[in-house]
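Participant: The following file, run_20.cif, comprises mmCIF, N, CA and C atoms:
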data_run
#
loop_
_atom_site.label_atom_id
_atom_site.label_comp_id
_atom_site.auth_asym_id
_atom_site.auth_seq_id
_atom_site.Cartn_x
_atom_site.Cartn_y
_atom_site.Cartn_z
N MET N 20 185.20 151.77 -1.91
CA MET N 20 184.35 152.65 -2.70
C MET N 20 184.85 154.08 -2.52
N ILE N 21 184.96 154.78 -3.63
CA ILE N 21 185.40 156.16 -3.63
C ILE N 21 184.17 157.05 -3.74
N LYS N 22 184.10 158.10 -2.93
CA LYS N 22 183.00 159.05 -2.98
C LYS N 22 183.52 160.35 -3.59
N LEU N 23 182.92 160.80 -4.71
CA LEU N 23 183.37 161.98 -5.43
C LEU N 23 182.23 162.92 -5.74
N ASN N 24 182.52 164.21 -5.70
CA ASN N 24 181.57 165.18 -6.23
C ASN N 24 181.77 165.28 -7.73
N ILE N 25 180.75 165.73 -8.45
CA ILE N 25 180.76 165.76 -9.91
C ILE N 25 181.94 166.58 -10.43
N HIS N 26 182.22 167.73 -9.84
CA HIS N 26 183.32 168.57 -10.32
C HIS N 26 184.65 167.82 -10.26
N GLU N 27 184.91 167.14 -9.18
CA GLU N 27 186.16 166.37 -9.03
C GLU N 27 186.23 165.26 -10.08
N ALA N 28 185.10 164.59 -10.31
CA ALA N 28 185.07 163.50 -11.30
C ALA N 28 185.34 164.04 -12.71
N LYS N 29 184.74 165.19 -13.06
CA LYS N 29 184.97 165.78 -14.38
C LYS N 29 186.42 166.22 -14.54
N THR N 30 186.99 166.77 -13.51
CA THR N 30 188.35 167.28 -13.58
C THR N 30 189.37 166.17 -13.79
N HIS N 31 189.17 165.02 -13.15
CA HIS N 31 190.14 163.92 -13.20
C HIS N 31 189.50 162.63 -13.71
N LEU N 32 188.66 162.76 -14.74
CA LEU N 32 187.89 161.61 -15.24
C LEU N 32 188.80 160.45 -15.65
N SER N 33 189.86 160.72 -16.38
CA SER N 33 190.75 159.64 -16.84
C SER N 33 191.33 158.85 -15.68
N ARG N 34 191.74 159.55 -14.64
CA ARG N 34 192.33 158.90 -13.46
C ARG N 34 191.30 157.97 -12.80
N TYR N 35 190.08 158.46 -12.66
CA TYR N 35 189.06 157.66 -11.98
C TYR N 35 188.57 156.50 -12.86
N LEU N 36 188.54 156.69 -14.17
CA LEU N 36 188.15 155.58 -15.05
C LEU N 36 189.18 154.46 -14.99
N GLU N 37 190.44 154.82 -14.80
CA GLU N 37 191.48 153.80 -14.64
C GLU N 37 191.23 152.97 -13.38
N LEU N 38 190.81 153.64 -12.30
CA LEU N 38 190.50 152.93 -11.05
C LEU N 38 189.29 152.00 -11.24
N VAL N 39 188.29 152.50 -11.96
CA VAL N 39 187.10 151.68 -12.23
C VAL N 39 187.48 150.46 -13.05
N ALA N 40 188.34 150.65 -14.04
CA ALA N 40 188.77 149.53 -14.88
C ALA N 40 189.50 148.48 -14.06
N ASN N 41 190.10 148.89 -12.95
CA ASN N 41 190.80 147.95 -12.07
C ASN N 41 189.91 147.40 -10.96
N GLY N 42 188.59 147.63 -11.05
CA GLY N 42 187.66 147.01 -10.12
C GLY N 42 187.09 147.92 -9.04
N GLU N 43 187.51 149.17 -8.98
CA GLU N 43 187.03 150.10 -7.95
C GLU N 43 185.63 150.60 -8.31
N THR N 44 184.82 150.89 -7.31
CA THR N 44 183.50 151.47 -7.50
C THR N 44 183.52 152.91 -7.02
N ILE N 45 182.86 153.80 -7.78
CA ILE N 45 182.83 155.22 -7.43
C ILE N 45 181.39 155.64 -7.17
N LEU N 46 181.19 156.32 -6.06
CA LEU N 46 179.88 156.89 -5.72
C LEU N 46 179.93 158.35 -6.12
N LEU N 47 179.16 158.72 -7.13
CA LEU N 47 179.17 160.07 -7.67
C LEU N 47 178.12 160.90 -6.94
N CYS N 48 178.53 162.07 -6.43
CA CYS N 48 177.65 162.90 -5.60
C CYS N 48 177.47 164.29 -6.21
N LYS N 49 176.33 164.88 -5.91
CA LYS N 49 176.06 166.27 -6.26
C LYS N 49 175.85 166.99 -4.94
N ARG N 50 176.78 167.88 -4.61
CA ARG N 50 176.77 168.58 -3.32
C ARG N 50 176.72 167.59 -2.16
N ASN N 51 177.56 166.57 -2.25
CA ASN N 51 177.72 165.52 -1.24
C ASN N 51 176.49 164.62 -1.06
N VAL N 52 175.56 164.67 -2.00
CA VAL N 52 174.39 163.78 -1.97
C VAL N 52 174.57 162.77 -3.11
N PRO N 53 174.62 161.47 -2.80
CA PRO N 53 174.83 160.45 -3.84
C PRO N 53 173.75 160.50 -4.92
N VAL N 54 174.18 160.47 -6.19
CA VAL N 54 173.25 160.46 -7.31
C VAL N 54 173.48 159.30 -8.27
N ALA N 55 174.68 158.74 -8.25
CA ALA N 55 174.97 157.65 -9.19
C ALA N 55 176.14 156.82 -8.66
N GLU N 56 176.22 155.62 -9.21
CA GLU N 56 177.33 154.74 -8.88
C GLU N 56 177.99 154.33 -10.18
N ILE N 57 179.30 154.45 -10.23
CA ILE N 57 180.06 154.02 -11.41
C ILE N 57 180.84 152.78 -10.99
N ARG N 58 180.61 151.68 -11.70
CA ARG N 58 181.30 150.45 -11.36
C ARG N 58 181.70 149.73 -12.63
N PRO N 59 182.66 148.84 -12.54
CA PRO N 59 183.12 148.15 -13.75
C PRO N 59 182.05 147.22 -14.32
N ILE N 60 182.10 147.07 -15.63
CA ILE N 60 181.21 146.14 -16.31
C ILE N 60 181.80 144.74 -16.16
N PRO N 61 180.96 143.75 -15.80
CA PRO N 61 181.49 142.39 -15.67
C PRO N 61 182.09 141.91 -16.99
N ILE N 62 183.21 141.24 -16.89
CA ILE N 62 183.88 140.72 -18.08
C ILE N 62 183.18 139.45 -18.54
N LYS N 63 182.83 139.42 -19.82
CA LYS N 63 182.17 138.24 -20.37
C LYS N 63 183.20 137.15 -20.61
N PRO N 64 182.81 135.90 -20.36
CA PRO N 64 183.75 134.81 -20.64
C PRO N 64 184.05 134.74 -22.14
N LYS N 65 185.28 134.42 -22.48
CA LYS N 65 185.68 134.38 -23.88
C LYS N 65 185.23 133.09 -24.58
N ALA N 66 185.14 132.02 -23.82
CA ALA N 66 184.73 130.74 -24.41
C ALA N 66 183.25 130.50 -24.13
N LYS N 67 182.60 129.85 -25.06
CA LYS N 67 181.20 129.49 -24.86
C LYS N 67 181.10 128.36 -23.85
N ARG N 68 179.99 128.36 -23.10
CA ARG N 68 179.78 127.28 -22.14
C ARG N 68 179.51 125.98 -22.88
N PRO N 69 180.14 124.91 -22.46
CA PRO N 69 179.87 123.62 -23.12
C PRO N 69 178.46 123.13 -22.79
N ILE N 70 177.89 122.44 -23.74
CA ILE N 70 176.54 121.88 -23.55
C ILE N 70 176.65 120.60 -22.73
N GLY N 71 175.71 120.41 -21.81
CA GLY N 71 175.64 119.17 -21.06
C GLY N 71 176.39 119.17 -19.75
N LEU N 72 176.63 120.33 -19.16
CA LEU N 72 177.37 120.38 -17.90
C LEU N 72 176.63 119.69 -16.75
N ALA N 73 175.30 119.66 -16.82
CA ALA N 73 174.52 119.06 -15.74
C ALA N 73 174.05 117.65 -16.08
N GLU N 74 174.63 117.06 -17.09
CA GLU N 74 174.21 115.73 -17.51
C GLU N 74 174.35 114.73 -16.36
N GLY N 75 173.26 114.01 -16.09
CA GLY N 75 173.26 112.99 -15.05
C GLY N 75 173.04 113.52 -13.64
N LYS N 76 172.87 114.83 -13.47
CA LYS N 76 172.69 115.40 -12.14
C LYS N 76 171.23 115.40 -11.70
N PHE N 77 170.30 115.32 -12.63
CA PHE N 77 168.89 115.26 -12.28
C PHE N 77 168.13 114.58 -13.41
N GLU N 78 166.92 114.15 -13.08
CA GLU N 78 166.06 113.53 -14.09
C GLU N 78 164.77 114.31 -14.21
N ILE N 79 164.27 114.42 -15.43
CA ILE N 79 163.00 115.08 -15.66
C ILE N 79 161.91 114.03 -15.53
N PRO N 80 160.96 114.26 -14.61
CA PRO N 80 159.90 113.25 -14.42
C PRO N 80 158.98 113.21 -15.64
N PRO N 81 158.37 112.04 -15.91
CA PRO N 81 157.47 111.92 -17.06
C PRO N 81 156.30 112.90 -17.00
N ALA N 82 155.87 113.29 -15.81
CA ALA N 82 154.74 114.22 -15.68
C ALA N 82 155.07 115.58 -16.31
N PHE N 83 156.33 115.91 -16.47
CA PHE N 83 156.73 117.18 -17.07
C PHE N 83 156.19 117.31 -18.50
N TYR N 84 156.09 116.18 -19.19
CA TYR N 84 155.68 116.18 -20.60
C TYR N 84 154.16 116.04 -20.78
N GLU N 85 153.42 115.89 -19.69
CA GLU N 85 151.96 115.77 -19.80
C GLU N 85 151.35 117.13 -20.10
N HIS N 86 150.16 117.09 -20.72
CA HIS N 86 149.46 118.33 -21.06
C HIS N 86 149.04 119.07 -19.79
N LEU N 87 149.08 120.39 -19.86
CA LEU N 87 148.64 121.21 -18.73
C LEU N 87 147.12 121.25 -18.69
N PRO N 88 146.53 121.46 -17.52
CA PRO N 88 145.08 121.58 -17.43
C PRO N 88 144.60 122.81 -18.21
N ASP N 89 143.37 122.71 -18.77
CA ASP N 89 142.82 123.80 -19.58
C ASP N 89 142.74 125.12 -18.82
N ASP N 90 142.36 125.07 -17.52
CA ASP N 90 142.23 126.31 -16.77
C ASP N 90 143.59 127.02 -16.63
N LEU N 91 144.67 126.26 -16.52
CA LEU N 91 145.99 126.86 -16.42
C LEU N 91 146.41 127.47 -17.76
N ILE N 92 146.15 126.76 -18.84
CA ILE N 92 146.46 127.29 -20.18
C ILE N 92 145.66 128.56 -20.43
N ASN N 93 144.39 128.56 -20.07
CA ASN N 93 143.56 129.76 -20.26
C ASN N 93 144.06 130.95 -19.47
N SER N 94 144.64 130.70 -18.31
CA SER N 94 145.14 131.81 -17.50
C SER N 94 146.32 132.51 -18.17
N PHE N 95 147.05 131.82 -19.04
CA PHE N 95 148.13 132.45 -19.78
C PHE N 95 147.58 133.46 -20.77
N TYR N 96 146.36 133.27 -21.21
CA TYR N 96 145.74 134.17 -22.19
C TYR N 96 144.79 135.16 -21.52
N GLY N 97 144.79 135.20 -20.20
CA GLY N 97 143.95 136.14 -19.47
C GLY N 97 142.49 135.75 -19.45
N GLU N 98 142.21 134.50 -19.72
CA GLU N 98 140.83 134.01 -19.73
C GLU N 98 140.54 133.32 -18.40
N GLU N 99 139.33 133.45 -17.96
CA GLU N 99 138.92 132.76 -16.75
C GLU N 99 138.21 131.46 -17.11
N SER N 100 138.30 130.48 -16.24
CA SER N 100 137.69 129.18 -16.51
C SER N 100 136.20 129.23 -16.33
#
Could the structure of this file be written out as structure tokens, please?
Facilitator:
Amino acid sequence: MIKLNIHEAKTHLSRYLELVANGETILLCKRNVPVAEIRPIPIKPKAKRPIGLAEGKFEIPPAFYEHLPDDLINSFYGEES
């Protein structure tokens, strides 16, 4: 992690953005007091995730499909039983 004061970051912004693009994190300071962190944005995968990756790894019990109790449903609407 690189620690920089704002003036230094403004003066050499292109240089530091190149470091961030390569995975470095920068702690931005105002008078040596940290105020912000500049870090790279995670790269999104280019391919979509295939459907069914967890197929066969678990089973949904039949109780999952049963109706919820009225008092629980009412609590979703802020109503008391």
Participant: Please compute the atom N of Pro81 (chain N)-atom C of Phe95 (chain N) distance, one decimal, in Å.
Facilitator: 24.5 Å
Participant: I would like the residues chosen by the PyMOL selection byres ((chain N and resi 20-26) around 6) on the shown file; could you give them as a PyMOL selection string?
Facilitator: chain N and resi 27-30+44-51
Participant: Just to confirm, what's the straight-line distance from CA of Ile60 (chain N) to atom C of Leu36 (chain N) in Å (one decimal)?
Facilitator: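 The value is 11.6 Å.
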Participant: Any idea what the distance is between CA of Ala73 (chain N) and atom C of Glu85 (chain N)?
Facilitator: 23.7 Å
